[in-house]
Every structure is written in structure tokens, then in C-alpha cells.
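> Quick one, work.txt (compact mmCIF, C-alpha atoms and all ligand atoms):
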# COMPACT_ATOMS: atom_id res chain seq x y z
CA MET A 1 27.44 -5.45 -17.79
CA LYS A 2 26.65 -9.06 -18.63
CA PHE A 3 23.16 -8.29 -19.98
CA ASN A 4 22.49 -5.83 -22.78
CA PHE A 5 19.67 -3.45 -21.88
CA ASP A 6 20.67 -1.10 -24.71
CA GLU A 7 19.47 -3.58 -27.33
CA ILE A 8 16.49 -2.32 -29.32
CA VAL A 9 13.98 -5.12 -29.83
CA ASP A 10 11.27 -4.46 -32.41
CA ARG A 11 8.02 -5.19 -30.58
CA SER A 12 5.80 -3.42 -33.06
CA GLN A 13 4.77 -6.65 -34.80
CA ASN A 14 4.66 -9.07 -31.87
CA TYR A 15 1.13 -8.42 -30.62
CA ALA A 16 2.39 -6.02 -27.92
CA ALA A 17 -0.37 -3.95 -26.30
CA LYS A 18 2.08 -1.09 -25.89
CA PHE A 19 2.36 -0.74 -29.68
CA GLN A 20 -0.76 -2.22 -31.16
CA GLU A 21 -3.25 -0.96 -28.57
CA ALA A 22 -1.88 2.59 -28.72
CA GLU A 23 -4.36 3.41 -31.48
CA LEU A 24 -7.25 2.68 -29.13
CA HIS A 25 -6.03 5.06 -26.44
CA TYR A 26 -4.07 7.64 -28.40
CA GLY A 27 -5.70 7.50 -31.86
CA THR A 28 -2.50 6.31 -33.56
CA ASN A 29 0.14 3.59 -33.44
CA ASP A 30 2.72 5.98 -34.80
CA VAL A 31 4.13 7.04 -31.42
CA ILE A 32 6.95 6.08 -29.11
CA PRO A 33 4.85 4.15 -26.59
CA LEU A 34 5.90 4.93 -23.03
CA TRP A 35 2.51 4.29 -21.44
CA ILE A 36 1.45 0.76 -20.35
CA ALA A 37 3.72 -0.76 -17.67
CA ASP A 38 5.80 -3.45 -19.31
CA MET A 39 9.44 -3.34 -20.38
CA ASP A 40 11.12 -3.19 -23.78
CA PHE A 41 13.89 -5.47 -22.50
CA ARG A 42 14.20 -9.18 -23.13
CA THR A 43 13.74 -11.08 -19.89
CA ALA A 44 16.60 -12.94 -18.20
CA PRO A 45 18.19 -15.50 -20.55
CA CYS A 46 17.67 -18.29 -17.98
CA ILE A 47 13.89 -17.65 -18.17
CA VAL A 48 13.91 -17.64 -21.97
CA ASP A 49 15.82 -20.95 -21.89
CA ALA A 50 13.35 -22.51 -19.46
CA ILE A 51 10.41 -21.48 -21.66
CA LYS A 52 12.17 -22.73 -24.81
CA ALA A 53 12.88 -26.08 -23.16
CA ARG A 54 9.21 -26.34 -22.22
CA ALA A 55 8.15 -25.40 -25.76
CA ASP A 56 10.57 -27.90 -27.31
CA GLN A 57 8.70 -30.71 -25.62
CA GLY A 58 5.77 -29.84 -27.85
CA ILE A 59 3.12 -30.87 -25.33
CA PHE A 60 1.06 -28.11 -23.78
CA GLY A 61 -1.38 -30.00 -21.62
CA TYR A 62 -2.83 -29.19 -18.19
CA THR A 63 -0.28 -28.32 -15.54
CA TRP A 64 0.19 -29.30 -11.93
CA ARG A 65 2.16 -27.20 -9.47
CA THR A 66 4.56 -29.18 -7.30
CA PRO A 67 5.53 -27.79 -3.86
CA LYS A 68 8.68 -26.39 -5.54
CA TYR A 69 6.57 -23.63 -7.07
CA PHE A 70 5.41 -21.82 -3.92
CA GLU A 71 8.72 -22.70 -2.23
CA ALA A 72 10.42 -20.67 -4.97
CA VAL A 73 8.05 -17.73 -4.35
CA ALA A 74 8.60 -17.88 -0.58
CA GLY A 75 12.37 -18.29 -0.96
CA TRP A 76 12.58 -15.19 -3.14
CA GLN A 77 10.61 -13.09 -0.67
CA GLU A 78 12.78 -14.27 2.19
CA LYS A 79 16.01 -13.57 0.33
CA ARG A 80 15.03 -10.22 -1.13
CA ASN A 81 12.80 -8.80 1.63
CA GLY A 82 13.45 -10.84 4.76
CA TRP A 83 9.82 -11.95 4.85
CA ARG A 84 9.03 -15.67 4.69
CA PRO A 85 5.38 -16.01 3.68
CA ASP A 86 3.60 -19.22 4.72
CA VAL A 87 3.28 -21.46 1.63
CA GLU A 88 0.09 -22.90 3.12
CA LYS A 89 -1.56 -19.49 2.74
CA MET A 90 -0.42 -18.90 -0.84
CA ALA A 91 -2.55 -19.29 -3.92
CA PHE A 92 -2.15 -18.81 -7.64
CA ALA A 93 -3.83 -15.87 -9.35
CA PRO A 94 -4.10 -15.07 -13.05
CA GLY A 95 -3.03 -11.53 -12.13
CA VAL A 96 -2.94 -9.04 -9.29
CA VAL A 97 -5.99 -7.10 -10.45
CA PRO A 98 -8.20 -10.22 -10.77
CA SER A 99 -7.08 -11.39 -7.33
CA MET A 100 -7.92 -8.02 -5.74
CA ARG A 101 -11.30 -8.14 -7.38
CA MET A 102 -11.91 -11.65 -6.05
CA VAL A 103 -10.96 -10.63 -2.51
CA LEU A 104 -13.45 -7.78 -2.64
CA THR A 105 -16.27 -9.83 -4.12
CA MET A 106 -15.71 -12.78 -1.78
CA PHE A 107 -14.95 -11.06 1.50
CA THR A 108 -16.93 -7.80 1.38
CA GLN A 109 -20.52 -6.88 0.58
CA PRO A 110 -21.90 -4.52 -2.05
CA GLY A 111 -21.91 -1.01 -0.62
CA ASP A 112 -18.97 -1.68 1.74
CA LYS A 113 -16.43 1.12 1.87
CA ILE A 114 -12.97 0.53 0.44
CA LEU A 115 -10.13 2.98 1.04
CA ILE A 116 -7.41 3.85 -1.49
CA GLN A 117 -4.83 6.64 -1.80
CA GLN A 118 -4.66 8.77 -4.93
CA PRO A 119 -3.07 9.43 -7.29
CA VAL A 120 -2.79 5.67 -7.83
CA TYR A 121 -2.84 2.96 -10.52
CA HIS A 122 -6.36 3.35 -11.86
CA PRO A 123 -7.62 -0.27 -11.58
CA PHE A 124 -7.68 0.27 -7.79
CA SER A 125 -10.71 2.52 -8.17
CA ASP A 126 -12.07 0.37 -11.02
CA VAL A 127 -12.18 -2.83 -8.95
CA VAL A 128 -13.96 -1.02 -6.14
CA LEU A 129 -16.55 0.69 -8.31
CA ASN A 130 -17.07 -2.23 -10.71
CA THR A 131 -17.92 -4.52 -7.80
CA GLY A 132 -20.49 -2.11 -6.40
CA ARG A 133 -18.40 -1.14 -3.38
CA GLU A 134 -18.07 2.45 -2.21
CA LEU A 135 -14.80 4.20 -3.03
CA VAL A 136 -13.15 6.26 -0.29
CA VAL A 137 -10.08 8.28 -1.29
CA SER A 138 -7.36 9.68 0.93
CA PRO A 139 -5.21 11.95 -1.27
CA LEU A 140 -1.44 11.75 -0.85
CA LYS A 141 0.38 14.95 0.11
CA ARG A 142 2.92 16.39 -2.33
CA ASP A 143 5.61 18.87 -1.30
CA ASP A 144 7.27 21.47 -3.53
CA ALA A 145 10.09 19.07 -4.37
CA GLY A 146 7.54 16.56 -5.72
CA TYR A 147 7.88 14.15 -2.79
CA TYR A 148 4.72 12.37 -1.70
CA THR A 149 3.74 11.37 1.83
CA VAL A 150 0.64 10.11 3.60
CA ASP A 151 -1.70 12.64 5.21
CA PHE A 152 -2.21 10.50 8.31
CA ALA A 153 -4.95 12.68 9.83
CA ASP A 154 -6.99 12.44 6.63
CA PHE A 155 -6.14 8.73 6.28
CA GLU A 156 -7.45 8.00 9.77
CA GLU A 157 -10.61 9.99 9.24
CA LYS A 158 -11.29 8.20 5.93
CA ALA A 159 -10.40 4.75 7.35
CA ARG A 160 -13.30 4.87 9.82
CA GLY A 161 -16.05 2.55 8.60
CA CYS A 162 -14.00 1.04 5.74
CA ARG A 163 -13.78 -2.74 5.28
CA PHE A 164 -10.53 -2.80 3.31
CA PHE A 165 -7.63 -0.51 2.45
CA ILE A 166 -5.85 -1.23 -0.85
CA LEU A 167 -2.22 -0.18 -0.49
CA CYS A 168 0.20 0.27 -3.39
CA ASN A 169 3.54 -0.79 -1.89
CA PRO A 170 5.75 0.54 -3.43
CA HIS A 171 3.64 3.15 -5.07
CA ASN A 172 2.64 3.50 -8.71
CA PRO A 173 2.79 6.26 -9.96
CA VAL A 174 4.52 8.42 -7.33
CA GLY A 175 7.43 5.99 -6.85
CA ARG A 176 7.50 6.00 -3.05
CA VAL A 177 9.04 3.11 -1.13
CA TRP A 178 7.05 3.40 2.07
CA THR A 179 9.26 3.34 5.15
CA PRO A 180 8.62 0.80 7.93
CA GLU A 181 7.37 3.70 10.08
CA GLU A 182 4.91 4.90 7.44
CA LEU A 183 3.66 1.34 6.94
CA ARG A 184 3.33 0.81 10.67
CA THR A 185 1.34 4.01 11.09
CA MET A 186 -1.02 3.11 8.22
CA GLY A 187 -1.31 -0.45 9.54
CA GLU A 188 -2.06 0.62 13.09
CA ILE A 189 -4.72 3.05 11.93
CA CYS A 190 -6.29 0.15 10.01
CA LEU A 191 -6.13 -2.06 13.10
CA ARG A 192 -7.75 0.64 15.26
CA HIS A 193 -10.69 0.88 12.89
CA GLY A 194 -11.12 -2.78 11.93
CA VAL A 195 -9.93 -2.24 8.35
CA GLU A 196 -8.26 -5.13 6.51
CA ILE A 197 -5.43 -4.47 4.07
CA ILE A 198 -4.68 -5.65 0.55
CA SER A 199 -1.02 -4.82 -0.07
CA ASP A 200 -0.24 -4.77 -3.80
CA GLU A 201 3.51 -5.44 -3.89
CA ILE A 202 3.82 -6.14 -7.62
CA HIS A 203 6.58 -3.50 -7.99
CA SER A 204 8.45 -4.51 -4.84
CA ASP A 205 11.45 -6.02 -6.64
CA LEU A 206 12.05 -2.82 -8.58
CA MET A 207 13.97 -0.91 -5.93
CA LEU A 208 16.08 1.92 -7.37
CA ASP A 209 19.31 3.38 -6.01
CA GLY A 210 19.56 0.85 -3.19
CA HIS A 211 16.16 1.52 -1.60
CA LYS A 212 14.79 -1.31 0.52
CA HIS A 213 11.28 -2.72 0.30
CA THR A 214 9.28 -3.55 3.42
CA CYS A 215 6.41 -6.03 3.10
CA MET A 216 3.33 -4.75 4.89
CA ALA A 217 2.77 -8.22 6.37
CA SER A 218 6.25 -8.14 7.94
CA VAL A 219 5.68 -4.97 9.96
CA SER A 220 4.03 -6.61 12.99
CA PRO A 221 2.07 -9.78 13.80
CA GLY A 222 -1.05 -7.66 14.32
CA ILE A 223 -0.76 -6.07 10.89
CA ALA A 224 0.10 -9.45 9.29
CA ALA A 225 -3.14 -10.84 10.70
CA VAL A 226 -5.22 -8.39 8.63
CA THR A 227 -3.04 -8.21 5.50
CA THR A 228 -3.43 -10.03 2.19
CA THR A 229 -0.41 -9.57 -0.09
CA CYS A 230 -0.23 -9.67 -3.89
CA ILE A 231 3.14 -10.43 -5.48
CA ALA A 232 4.23 -11.37 -8.99
CA PRO A 233 7.26 -11.85 -11.23
CA SER A 234 5.45 -9.99 -14.02
CA LYS A 235 6.86 -6.46 -13.58
CA THR A 236 10.23 -7.65 -12.25
CA PHE A 237 11.03 -10.01 -15.12
CA ASN A 238 8.75 -8.62 -17.85
CA LEU A 239 6.40 -11.61 -17.81
CA ALA A 240 3.03 -9.83 -17.72
CA GLY A 241 1.88 -11.65 -20.86
CA LEU A 242 2.19 -14.98 -19.04
CA GLN A 243 -0.51 -13.93 -16.59
CA SER A 244 0.39 -15.31 -13.25
CA SER A 245 0.84 -13.94 -9.75
CA THR A 246 0.65 -15.11 -6.15
CA ILE A 247 -1.73 -14.04 -3.44
CA VAL A 248 -0.75 -14.61 0.18
CA PHE A 249 -3.74 -14.74 2.52
CA ASN A 250 -3.85 -13.90 6.19
CA SER A 251 -5.65 -17.16 7.00
CA GLY A 252 -5.87 -20.70 5.70
CA GLU A 253 -9.70 -20.50 5.62
CA ARG A 254 -9.61 -17.46 3.34
CA LYS A 255 -7.11 -19.17 1.08
CA ASP A 256 -9.25 -22.33 0.87
CA ALA A 257 -12.37 -20.34 0.03
CA TYR A 258 -10.50 -18.41 -2.67
CA VAL A 259 -8.98 -21.55 -4.22
CA ALA A 260 -12.41 -23.22 -4.26
CA GLU A 261 -13.75 -20.24 -6.20
CA LEU A 262 -10.83 -20.40 -8.67
CA LYS A 263 -11.62 -24.08 -9.18
CA ARG A 264 -15.30 -23.34 -9.78
CA MET A 265 -14.18 -20.96 -12.53
CA ASP A 266 -11.61 -23.56 -13.68
CA ILE A 267 -8.76 -21.04 -13.68
CA ALA A 268 -6.71 -22.50 -10.84
CA ARG A 269 -3.83 -23.81 -12.97
CA ASN A 270 -0.78 -21.96 -14.26
CA ASN A 271 -0.31 -22.12 -18.00
CA CYS A 272 2.71 -24.27 -18.84
CA PHE A 273 4.99 -21.30 -19.54
CA SER A 274 4.19 -19.22 -16.46
CA LEU A 275 4.81 -22.30 -14.35
CA VAL A 276 8.42 -22.79 -15.47
CA ALA A 277 9.11 -19.07 -15.89
CA THR A 278 8.05 -18.23 -12.32
CA MET A 279 10.20 -20.96 -10.77
CA GLU A 280 13.19 -20.06 -12.94
CA ALA A 281 12.86 -16.32 -12.26
CA TYR A 282 12.71 -16.77 -8.51
CA THR A 283 15.55 -19.28 -8.35
CA HIS A 284 18.03 -18.00 -10.95
CA GLY A 285 16.88 -14.50 -11.98
CA GLU A 286 18.61 -12.39 -9.37
CA GLU A 287 21.81 -11.56 -11.25
CA TRP A 288 19.79 -10.23 -14.20
CA LEU A 289 17.54 -8.23 -11.87
CA GLU A 290 20.50 -6.58 -10.13
CA GLU A 291 21.79 -5.33 -13.48
CA LEU A 292 18.33 -4.22 -14.55
CA LEU A 293 18.04 -2.08 -11.40
CA VAL A 294 21.32 -0.31 -12.18
CA TYR A 295 20.13 0.40 -15.73
CA LEU A 296 16.73 1.68 -14.57
CA SER A 297 18.30 3.92 -11.91
CA GLU A 298 20.53 5.39 -14.64
CA ASN A 299 17.53 5.93 -16.90
CA MET A 300 15.85 7.92 -14.14
CA ARG A 301 18.99 10.07 -13.72
CA PHE A 302 19.08 10.56 -17.49
CA ILE A 303 15.48 11.84 -17.50
CA ARG A 304 16.19 14.24 -14.63
CA SER A 305 19.31 15.73 -16.15
CA PHE A 306 17.72 15.95 -19.63
CA CYS A 307 14.74 17.85 -18.27
CA ALA A 308 16.86 20.07 -16.00
CA GLU A 309 19.11 21.10 -18.90
CA ARG A 310 16.84 21.08 -21.93
CA LEU A 311 13.21 20.74 -20.91
CA PRO A 312 12.63 22.59 -17.63
CA GLU A 313 8.90 22.84 -18.40
CA LEU A 314 8.69 19.15 -17.37
CA LYS A 315 9.55 18.31 -13.78
CA PRO A 316 10.15 14.58 -13.29
CA ASN A 317 10.07 13.12 -9.79
CA THR A 318 12.81 10.91 -8.37
CA PRO A 319 11.15 7.51 -8.02
CA GLU A 320 12.54 5.32 -5.24
CA ALA A 321 11.08 2.25 -6.98
CA THR A 322 9.27 1.11 -10.16
CA TYR A 323 10.27 2.01 -13.71
CA LEU A 324 7.65 4.71 -13.86
CA CYS A 325 8.50 8.39 -13.75
CA TRP A 326 5.80 10.83 -12.59
CA ILE A 327 6.19 14.15 -14.34
CA ASP A 328 4.73 17.49 -13.32
CA ALA A 329 3.79 19.16 -16.62
CA ARG A 330 1.74 22.00 -15.16
CA ALA A 331 4.27 24.63 -16.25
CA LEU A 332 3.12 23.99 -19.84
CA GLY A 333 -0.19 25.59 -18.88
CA MET A 334 -2.30 23.11 -20.88
CA ASP A 335 -5.47 21.38 -19.77
CA ASP A 336 -5.20 17.59 -19.60
CA GLU A 337 -6.81 16.73 -22.91
CA THR A 338 -4.70 19.35 -24.73
CA LEU A 339 -1.55 18.02 -23.03
CA LYS A 340 -2.31 14.44 -24.07
CA THR A 341 -3.02 15.44 -27.68
CA PHE A 342 0.06 17.67 -27.72
CA CYS A 343 2.34 14.81 -26.62
CA VAL A 344 0.87 12.46 -29.21
CA GLU A 345 0.42 14.76 -32.17
CA LYS A 346 3.27 17.25 -31.78
CA ALA A 347 5.88 15.09 -30.04
CA GLY A 348 4.89 11.58 -31.21
CA VAL A 349 5.10 10.18 -27.68
CA ALA A 350 2.36 8.29 -25.79
CA LEU A 351 2.56 8.85 -22.03
CA GLY A 352 0.29 7.86 -19.15
CA TYR A 353 -2.54 10.36 -18.72
CA GLY A 354 -2.50 12.01 -15.27
CA PRO A 355 -6.26 12.19 -14.61
CA ASP A 356 -6.51 8.39 -14.98
CA PHE A 357 -4.72 8.17 -11.62
CA GLY A 358 -7.45 10.11 -9.83
CA VAL A 359 -7.15 12.98 -7.36
CA GLY A 360 -3.83 14.78 -7.83
CA GLY A 361 -3.31 13.45 -11.37
CA SER A 362 -4.34 16.52 -13.33
CA GLY A 363 -1.37 18.24 -14.99
CA PHE A 364 0.82 15.15 -14.63
CA LEU A 365 2.15 12.54 -17.04
CA ARG A 366 3.55 9.08 -16.32
CA LEU A 367 6.54 7.99 -18.35
CA ASN A 368 7.54 4.33 -18.54
CA ALA A 369 11.34 4.40 -18.47
CA ALA A 370 11.85 0.65 -18.95
CA CYS A 371 13.33 1.02 -22.41
CA PRO A 372 16.80 1.35 -23.94
CA ARG A 373 18.35 4.75 -23.20
CA ALA A 374 18.38 5.56 -26.93
CA THR A 375 14.57 5.23 -27.00
CA LEU A 376 14.29 7.46 -23.96
CA GLU A 377 16.58 10.06 -25.50
CA LYS A 378 14.56 10.01 -28.73
CA ALA A 379 11.28 10.47 -26.87
CA LEU A 380 12.61 13.30 -24.70
CA THR A 381 14.20 15.03 -27.71
CA GLN A 382 10.87 14.86 -29.56
CA LEU A 383 9.12 16.33 -26.51
CA GLU A 384 11.76 19.06 -26.24
CA ARG A 385 11.32 20.04 -29.91
CA ALA A 386 7.55 20.07 -29.60
CA VAL A 387 7.60 22.19 -26.43
CA HIS A 388 10.07 24.69 -27.82
CA SER A 389 8.32 25.10 -31.16
CA ARG A 390 4.92 25.81 -29.62
C1 LIG A 401 0.31 -1.41 -8.90
C2 LIG A 401 -0.07 -2.40 -9.95
N1 LIG A 401 -0.83 -3.45 -9.62
C3 LIG A 401 -1.21 -4.36 -10.55
C4 LIG A 401 -0.83 -4.24 -11.86
C5 LIG A 401 -1.30 -5.23 -12.88
O1 LIG A 401 -1.17 -6.51 -12.43
P1 LIG A 401 -1.73 -7.75 -13.25
O2 LIG A 401 -1.33 -7.57 -14.67
O3 LIG A 401 -1.08 -8.91 -12.57
O4 LIG A 401 -3.21 -7.74 -13.05
C6 LIG A 401 -0.04 -3.14 -12.25
C7 LIG A 401 0.33 -2.96 -13.66
O5 LIG A 401 0.76 -1.94 -14.09
C8 LIG A 401 0.34 -2.21 -11.27
O6 LIG A 401 1.10 -1.15 -11.58
Spit out the file's structure as C-alpha cells when you get a sec.
Ligand SMILES: Cc1ncc(COP(=O)(O)O)c(C=O)c1O

Amino acid sequence: MKFNFDEIVDRSQNYAAKFQEAELHYGTNDVIPLWIADMDFRTAPCIVDAIKARADQGIFGYTWRTPKYFEAVAGWQEKRNGWRPDVEKMAFAPGVVPSMRMVLTMFTQPGDKILIQQPVYHPFSDVVLNTGRELVVSPLKRDDAGYYTVDFADFEEKARGCRFFILCNPHNPVGRVWTPEELRTMGEICLRHGVEIISDEIHSDLMLDGHKHTCMASVSPGIAAVTTTCIAPSKTFNLAGLQSSTIVFNSGERKDAYVAELKRMDIARNNCFSLVATMEAYTHGEEWLEELLVYLSENMRFIRSFCAERLPELKPNTPEATYLCWIDARALGMDDETLKTFCVEKAGVALGYGPDFGVGGSGFLRLNAACPRATLEKALTQLERAVHSR
């Protein structure tokens, strides 16, 4: 391997939410933090170099995006996913969550129904409820092997009367890479009932074990016409702290209205580091990403074999994408609060709390596996000791 993902980088003193915010959520900073979704790996050296070169100039004034910026975003999508988004319909966003919130506030009315599938990344329900829209939930189906699918009959029933469906593609936390057929079925149900789609594709570069991502907007022209897509280099290249993403609208008018609103808030510019980092990531970051995906796939295998051999009380899923492992901990027989406290106080590990993900989250934990294998082994060994000395 050219890049060293085994390197342990001490993030505890660099203002990292994962470490320093742990106290707020878990009551202590003295834990191995495997909760919030960023990585403990240094980003690609070419990105670090581009940021350093920008910093060396010593001038951090207002930025201006040249056409090269969205060309880089479009080129990456075309190369990786075979989907060439129209640069004329692209806009900057300070993040995927803020852009979803803006779409809802600008293009729906208070009280409108918004469909999501749970369990899912909890800001999906937050943006709906915090904007005074009505939340409609279609639970995913889980089989005995821990594999999740869409309950299409329920999805269609719930879709009736909704204005938007927010899709997590691929899915956090259950790790599904939706197949073109699944996407088409969801999309056609939305078309039948006049439901628009926001497809959150922030994890779409993180395909494990050779899985292939399908962009919702690439499934058919009809589905593209009702789909707004959110993409970002933040998960892929560990750039979340730079706060930038791209939103691809389904119409030029929507995009213009959105950009005008960003300008009214005066947040339409990239900061100077996200500007160079995004272009560098999408033009020269692929070699690093390919190695990262091999390392992450191995980490997932490591978790599965560790649990199978030494910690059978925890049943991890096999994510097809993302660096997040969804673990069935129901065999421990603890209620959710007890389970959370147990992991923190007895094992010294902070994991994502299942109920935060909504329906179907109780009894589950989410483990962020984007860390050196030694960290993963330490965390799992601490969990093993805690479970077996109960
Ligand atoms: C599915 C999903 N969407 C959005 C985000 C956050 O995006 P941003 O930081 O750009 O708002 C995350 C972060 O974990 C996520 O998992």
C-alpha cells in the first residue's frame, strides 16, 4: 500500500468533535470515540499539499469559484458513477444537511408531508420537524441475516400525499447500496404520487467490496426530473471540517432561487481551503480513495470475524458501503440507556446510539470503523472484556 492507514494520529487535542464533544453526549472524553462520522485517517497527501500551498500564500480573502470547480465535481461523478450532472444546475452548499433544510423551507410549505425511511441518519427527521413539516416514516424491513430492504407496499401507502421523499443513497446506518431496480421502484412510486426526491449521496464514494453506486438521478429521465441530489467530498476524503458540498437541482429555476437565497444570507462562497481541497480531491484523489476502500473493507471483515469468534453477543451487519457498521446488540438483553452507559462506563467505547436513528434503532449500535485497525481491535477487546465480565 502506498498510503498508511495504520498510522495513529492523535486527534485528542486538535479540536475534533469526536474527542472533545464526547463529554457532551457520553459524559466523558475518556473513551475510544467511534461515534460521529468522520475518519481518523489523514486525507490524501495531494489534498494536504493543495491546502498547504494555499495557506503559504498567507492571504485568506473572499473566494471566487471558476468553472473548473463544478467541472471537477461533474467529472468525478461521471468517472466514478457514469452520471454527468449538468453544471448549470449545480450550486455550492455549506453542507448536505443545510442544503436539505433549504430545499424544504424554500420549496415546501409548513405542514407538508415529507417521507423518510428509518432507521436513518437522524438529521433527516430533524430537518423535517424543525421546519414545521410533517414527518412520514416508512420503516425498512430487516431479515434474520440483518439485511435491509424496502417494504414497497408500505412505502407506496406512505408516499401518497407527501411532497418530498428524502432518500439516503447509499444508506446510513444500514449500509445498503440500493440496486438500480430498488431505486427505480422507489422513484416510480414517487412519480405516481407526485412526490419529489432529495437523494443524499454523501456516502456514495465509499463503496465496499466492489459494490457499485447508482445515482438516483441517473435511473430514468422521469426520475431525474423530480430528483435533487446532494454530494460532497467530506466523507470520502475526510474534509467535513471544511464545510462544503454540492447540490444538483432538477431545474435551473430552482437552482437560481436557491443561489439567490444563499446570497441573501451571504454564505454563497467556499472558504479558501474547501475551494482548493474539493478541486484537488476530485481531480487527483482517486488513487488514495481506492486504497482507503480496501482498508475499510478489511476493517469490516475484521469486525465480523472478531465478533463471530470472541463476541457473539454483538452481531455486526455487512455494510455494502459507508464506514459505518450497524450492530445488533439485542442479545445483551439491555435497554438502550443501559447499553449506552455500559459501552461507555464498562468498555470505554463511545458508539452511535440506536434509538437516535428512529424506528428500528432500539437495541442497535453504530460503530464508525474509519480508524486504524489497532484502534478497532482495542475497542472490540474492551467491549469483549466488559461483556464477559458482566
Ligand atoms: C447521510 C448523511 N448525510 C449528511 C451528513 C452530514 O453532512 P454535512 O456535514 O455536509 O451536513 C452525514 C454525516 O454523517 C450523513 O451520514
> Around ligand LIG 401 (chain A), out to 9 Å and counting only C-alpha atoms and all ligand atoms, which residues are there? I want them as an NGL selection string.
:A and (36-38 or 93-100 or 120-124 or 167-173 or 200-203 or 230-235 or 240-241 or 243-245 or 322)
> Quick one: distance from CA of Thr341 in chain A to CA of Leu135 in chain A in Å, one decimal?
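We find that CA of Thr341 in chain A and CA of Leu135 in chain A lie 29.5 Å from each other.
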> Restricting the calculation to only C-alpha atoms: of A:Arg184, A:Lys158, A:Lys315, A:Arg254, which residue gets closest to Gly222 in chain A?
A:Arg184
> From the options A:Ile114, A:Leu292, A:Ala369, A:Ala224, which residue's atoms come nearest to Arg84 in chain A, counting only C-alpha atoms?
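Of the candidates, the smallest distance to Arg84 in chain A is held by A:Ala224.
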> List the neighbours of Glu71 in chain A out to 12 Å using all atoms listed in the file; skip same-chain residues closer than 2 positions along the sequence, and give me the result as a PyMOL selection string.
chain A and resi 65-69+73-79+84-91+246+278-280+282-283
> Pick out the residues sitting within 6 Å of range 347-358 of chain A, and hand them over as a ChimeraX atom specification; count only C-alpha atoms, and ignore anything fewer than 5 positions along from it in its own chain.
/A:31-35,118-122,364-367,382-383,386
> Using only C-alpha atoms, which residues sit within 8 Å of Lys113 in chain A once same-chain residues fewer than 4 positions away are excluded, as an MDAnalysis selection string?
chainID A and resid 133:136 161:164
> Take CA of Leu191 in chain A and CA of Val137 in chain A and report the distance between them in Å, one decimal.
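A separation of 18.2 Å between them.
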> With all atoms listed in the file as the basis for distance, which of A:Glu287, A:Lys378, A:His213, A:Gly360 is at the shortest distance from Ile303 in chain A?
A:Lys378
> Scan for residues within 12 Å of the point (6.2, 4.6, 8.9) in the coordinates of the file, using all atoms listed in the file, and reply as a list in words.
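Returned residue set, sorted by chain then number, is Thr149, Val150, Asp151, Phe152, Val177, Trp178, Thr179, Pro180, Glu181, Glu182, Leu183, Arg184, Thr185, Met186, Gly187, Glu188, Ile189, Thr214, Met216 and Val219 of chain A.
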> Please compute the CA of Asp266 in chain A-CA of Met102 in chain A distance, one decimal, in Å.
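Going from CA of Asp266 in chain A over to CA of Met102 in chain A covers 14.1 Å.
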> Which residue out of A:Gly210, A:Leu311, A:Phe19, A:Val226 has the minimum interatomic distance to Ile198 in chain A when all atoms listed in the file are used?
A:Val226
> Could you pull the residues within 7 Å of Leu314 in chain A, counting only C-alpha atoms, minus those fewer than 5 positions along the same chain, as an MDAnalysis selection string?
chainID A and resid 307 327:329
> Using only C-alpha atoms, find the one residue out of A:Leu275, A:Thr108, A:Ile47, A:Phe249 that sits nearest to Ser199 in chain A.
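Closest to Ser199 in chain A, using only C-alpha atoms: A:Phe249.
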> Check the smallest atom-to-atom distance from each of A:Glu286, A:Glu7, A:Asp112, A:Asp30 to Glu345 in chain A using all atoms listed in the file, then report the winner.
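Closest to Glu345 in chain A of all the choices is A:Asp30.
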> Show which residues sit within 8 Å of Thr236 in chain A, as an MDAnalysis selection string. Count all atoms listed in the file, and ignore same-chain residues fewer than 5 positions away.
chainID A and resid 203 205:206 289
> Box for range 52-59 of chain A: with edges along x, y and z, all listed atoms inside and 4 Å added on each side, what are the centre and edge lengths in Å to one decimal, as lines of an AutoDock Vina configuration file?

center_x = 8.0
center_y = -26.8
center_z = -25.0
size_x = 17.8
size_y = 16.1
size_z = 13.6
> Could you add the missing atoms to range 176-188 of chain A, up to N, CA and C atoms, and return them as a compact mmCIF listing (two decimals), keeping the file's coordinate frame?

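After the write, out-v2.txt holds the following:
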# COMPACT_ATOMS: atom_id res chain seq x y z
N ARG A 176 7.03 6.07 -4.44
CA ARG A 176 7.50 6.00 -3.05
C ARG A 176 7.70 4.55 -2.60
N VAL A 177 8.82 4.35 -1.89
CA VAL A 177 9.04 3.11 -1.13
C VAL A 177 8.63 3.48 0.28
N TRP A 178 7.52 3.01 0.73
CA TRP A 178 7.05 3.40 2.07
C TRP A 178 8.03 2.90 3.12
N THR A 179 8.33 3.74 4.09
CA THR A 179 9.26 3.34 5.15
C THR A 179 8.52 2.42 6.13
N PRO A 180 9.29 1.63 6.92
CA PRO A 180 8.62 0.80 7.93
C PRO A 180 7.74 1.63 8.86
N GLU A 181 8.17 2.85 9.18
CA GLU A 181 7.37 3.70 10.08
C GLU A 181 6.06 4.12 9.41
N GLU A 182 6.14 4.51 8.14
CA GLU A 182 4.91 4.90 7.44
C GLU A 182 3.95 3.71 7.35
N LEU A 183 4.51 2.53 7.06
CA LEU A 183 3.66 1.34 6.94
C LEU A 183 3.03 1.00 8.29
N ARG A 184 3.85 1.12 9.34
CA ARG A 184 3.33 0.81 10.67
C ARG A 184 2.19 1.77 11.03
N THR A 185 2.38 3.04 10.74
CA THR A 185 1.34 4.01 11.09
C THR A 185 0.05 3.72 10.32
N MET A 186 0.19 3.45 9.00
CA MET A 186 -1.02 3.11 8.22
C MET A 186 -1.65 1.83 8.77
N GLY A 187 -0.81 0.84 9.05
CA GLY A 187 -1.31 -0.45 9.54
C GLY A 187 -2.02 -0.30 10.87
N GLU A 188 -1.44 0.49 11.77
CA GLU A 188 -2.06 0.62 13.09
C GLU A 188 -3.38 1.39 13.02
